[in-house]
Amino acid sequence: WPNVVSSNDTKFWESEWNKHGTCSEQTLNQVQYFEISHEMWNSFNITDILKNASIVPHPTQTWKYSDIVSAIQSKTQRTPLLRCKTDPAHPNANTQLLHEVVFCYGYNAIKQIDCNRTAGCK
């Protein structure tokens with residue numbers, strides 16, 4: 001998959017392997033890791049899941065953490081991990097932007113599991 005931050009896909013893939021893939025290297029080699037990761041990414045379209053729950057980008061409408069998690073849980077049957085960032089347009093407000101949705105899998109990368117941690121979203 002492409003790096004949306006810069007044009008260097010290879011560096012991006014290397015950093016993703018070093019950050020996430022090495023924990024599964026006893027089960028998966030690098031090619032298998034990325035093939036399975038891509039299949040996982042394709043298995044759930046987060047944009048469609050949220051859109052079907054009427055959760056779409058909006059300049060004034062906000063959503064609760066629980067609303068976003070519930071919409072995703074209803075389609076995946078699992079609890080995702082949400083990563084948020086402070087809204088740069090309102091750094092002093094208590095407003096956050098959804099930055100990333102993470103699905104958790106067992107080490108063998110076969111079974112999706114509930115994510116059991118949070119990442120700073122309110």
# chains A, B, ... in the order shown; residues from 1 in each chain; ligands from 1
$ select_by_dssp --residues "chain A" --states "strand (DSSP E or B)" --output "PyMOL selection string"
chain A and resi 81-86+96-102+104-105+112-113+119
$ residues_around --residues "range 14-17 of chain A" --least-positions-apart "4" --cutoff "12 Å" --atoms "only C-alpha atoms" --output "PyMOL selection string"
chain A and resi 1-3+8-10+21-25+28-34+37
$ residues_around --residues "Thr62 in chain A" --least-positions-apart "6" --cutoff "10 Å" --atoms "only C-alpha atoms" --output "count of residues only"
5
$ residues_around --residues "Trp41 in chain A" --least-positions-apart "5" --cutoff "10 Å" --atoms "only C-alpha atoms" --output "list of chain:residue names"
A:Trp1, A:Glu35, A:Ile36, A:Ile46, A:Val102, A:Phe103
$ closest_residue --among "A:Tyr107, A:Trp63, A:Ser54, A:Cys115" --to "Leu82 in chain A" --atoms "only C-alpha atoms"
A:Cys115
$ select_by_dssp --residues "chain A" --states "alpha helix (DSSP H)" --output "NGL selection string"
:A and (9-19 or 30-43 or 46-52 or 65-76)
$ write_last_selection --atoms "N, CA and C atoms" --output "compact mmCIF listing (two decimals), in the first residue's frame"
# COMPACT_ATOMS: atom_id res chain seq x y z
N ASP A 9 7.54 4.78 -0.56
CA ASP A 9 6.79 3.62 -0.06
C ASP A 9 7.70 2.60 0.62
N THR A 10 8.89 2.39 0.07
CA THR A 10 9.80 1.38 0.63
C THR A 10 10.18 1.71 2.06
N LYS A 11 10.49 2.97 2.33
CA LYS A 11 10.83 3.38 3.71
C LYS A 11 9.63 3.18 4.63
N PHE A 12 8.46 3.48 4.13
CA PHE A 12 7.24 3.30 4.91
C PHE A 12 7.05 1.83 5.26
N TRP A 13 7.19 0.95 4.26
CA TRP A 13 7.03 -0.49 4.50
C TRP A 13 8.08 -0.98 5.49
N GLU A 14 9.29 -0.49 5.36
CA GLU A 14 10.36 -0.90 6.28
C GLU A 14 10.02 -0.50 7.71
N SER A 15 9.54 0.73 7.89
CA SER A 15 9.20 1.18 9.24
C SER A 15 8.01 0.40 9.80
N GLU A 16 7.04 0.07 8.95
CA GLU A 16 5.89 -0.72 9.41
C GLU A 16 6.31 -2.13 9.82
N TRP A 17 7.20 -2.73 9.05
CA TRP A 17 7.70 -4.07 9.41
C TRP A 17 8.44 -4.00 10.74
N ASN A 18 9.33 -3.01 10.89
CA ASN A 18 10.12 -2.89 12.12
C ASN A 18 9.24 -2.58 13.33
N LYS A 19 8.18 -1.82 13.13
CA LYS A 19 7.31 -1.43 14.24
C LYS A 19 6.29 -2.52 14.59
N GLN A 30 8.33 -11.56 5.76
CA GLN A 30 7.91 -10.20 5.40
C GLN A 30 6.85 -10.19 4.30
N VAL A 31 7.01 -11.00 3.29
CA VAL A 31 6.04 -11.03 2.19
C VAL A 31 4.68 -11.49 2.72
N GLN A 32 4.66 -12.55 3.51
CA GLN A 32 3.40 -13.05 4.07
C GLN A 32 2.75 -11.98 4.96
N TYR A 33 3.58 -11.32 5.77
CA TYR A 33 3.06 -10.27 6.66
C TYR A 33 2.32 -9.20 5.86
N PHE A 34 2.95 -8.71 4.79
CA PHE A 34 2.32 -7.64 4.02
C PHE A 34 1.14 -8.14 3.19
N GLU A 35 1.20 -9.35 2.70
CA GLU A 35 0.05 -9.91 1.98
C GLU A 35 -1.16 -10.02 2.91
N ILE A 36 -0.94 -10.56 4.10
CA ILE A 36 -2.04 -10.71 5.05
C ILE A 36 -2.52 -9.35 5.54
N SER A 37 -1.59 -8.43 5.77
CA SER A 37 -1.97 -7.08 6.20
C SER A 37 -2.87 -6.42 5.16
N HIS A 38 -2.53 -6.59 3.90
CA HIS A 38 -3.33 -6.00 2.83
C HIS A 38 -4.72 -6.65 2.78
N GLU A 39 -4.78 -7.96 2.96
CA GLU A 39 -6.08 -8.65 3.01
C GLU A 39 -6.92 -8.13 4.17
N MET A 40 -6.28 -7.93 5.33
CA MET A 40 -6.99 -7.41 6.49
C MET A 40 -7.53 -6.01 6.20
N TRP A 41 -6.70 -5.19 5.59
CA TRP A 41 -7.09 -3.82 5.28
C TRP A 41 -8.30 -3.81 4.34
N ASN A 42 -8.32 -4.73 3.39
CA ASN A 42 -9.42 -4.82 2.44
C ASN A 42 -10.68 -5.43 3.03
N SER A 43 -10.57 -6.12 4.16
CA SER A 43 -11.72 -6.85 4.69
C SER A 43 -12.81 -5.95 5.26
N ILE A 46 -13.58 1.04 6.47
CA ILE A 46 -13.93 1.89 7.61
C ILE A 46 -14.76 3.09 7.16
N THR A 47 -14.42 3.68 6.04
CA THR A 47 -15.18 4.83 5.55
C THR A 47 -16.64 4.46 5.35
N ASP A 48 -16.90 3.32 4.72
CA ASP A 48 -18.28 2.88 4.51
C ASP A 48 -18.98 2.53 5.81
N ILE A 49 -18.27 1.87 6.72
CA ILE A 49 -18.87 1.51 8.01
C ILE A 49 -19.33 2.77 8.74
N LEU A 50 -18.46 3.77 8.80
CA LEU A 50 -18.82 5.01 9.51
C LEU A 50 -19.90 5.78 8.75
N LYS A 51 -19.81 5.82 7.44
CA LYS A 51 -20.82 6.52 6.64
C LYS A 51 -22.20 5.89 6.83
N ASN A 52 -22.27 4.57 6.87
CA ASN A 52 -23.54 3.89 7.08
C ASN A 52 -24.13 4.16 8.46
N TYR A 65 -16.76 8.98 21.30
CA TYR A 65 -15.91 7.81 21.14
C TYR A 65 -16.78 6.55 21.05
N SER A 66 -17.73 6.44 21.96
CA SER A 66 -18.58 5.24 22.02
C SER A 66 -19.42 5.06 20.75
N ASP A 67 -19.83 6.17 20.11
CA ASP A 67 -20.60 6.07 18.87
C ASP A 67 -19.76 5.46 17.75
N ILE A 68 -18.51 5.89 17.67
CA ILE A 68 -17.62 5.39 16.62
C ILE A 68 -17.29 3.92 16.86
N VAL A 69 -16.96 3.59 18.10
CA VAL A 69 -16.64 2.19 18.43
C VAL A 69 -17.85 1.30 18.17
N SER A 70 -19.03 1.74 18.58
CA SER A 70 -20.24 0.92 18.38
C SER A 70 -20.52 0.66 16.91
N ALA A 71 -20.33 1.67 16.07
CA ALA A 71 -20.57 1.49 14.63
C ALA A 71 -19.62 0.44 14.06
N ILE A 72 -18.37 0.49 14.48
CA ILE A 72 -17.38 -0.47 13.98
C ILE A 72 -17.64 -1.86 14.55
N GLN A 73 -17.95 -1.93 15.85
CA GLN A 73 -18.24 -3.22 16.48
C GLN A 73 -19.43 -3.93 15.82
N SER A 74 -20.42 -3.15 15.41
CA SER A 74 -21.61 -3.77 14.81
C SER A 74 -21.29 -4.50 13.51
N LYS A 75 -20.26 -4.07 12.81
CA LYS A 75 -19.88 -4.71 11.54
C LYS A 75 -18.77 -5.74 11.71
N THR A 76 -17.88 -5.54 12.66
CA THR A 76 -16.71 -6.43 12.79
C THR A 76 -16.84 -7.44 13.92
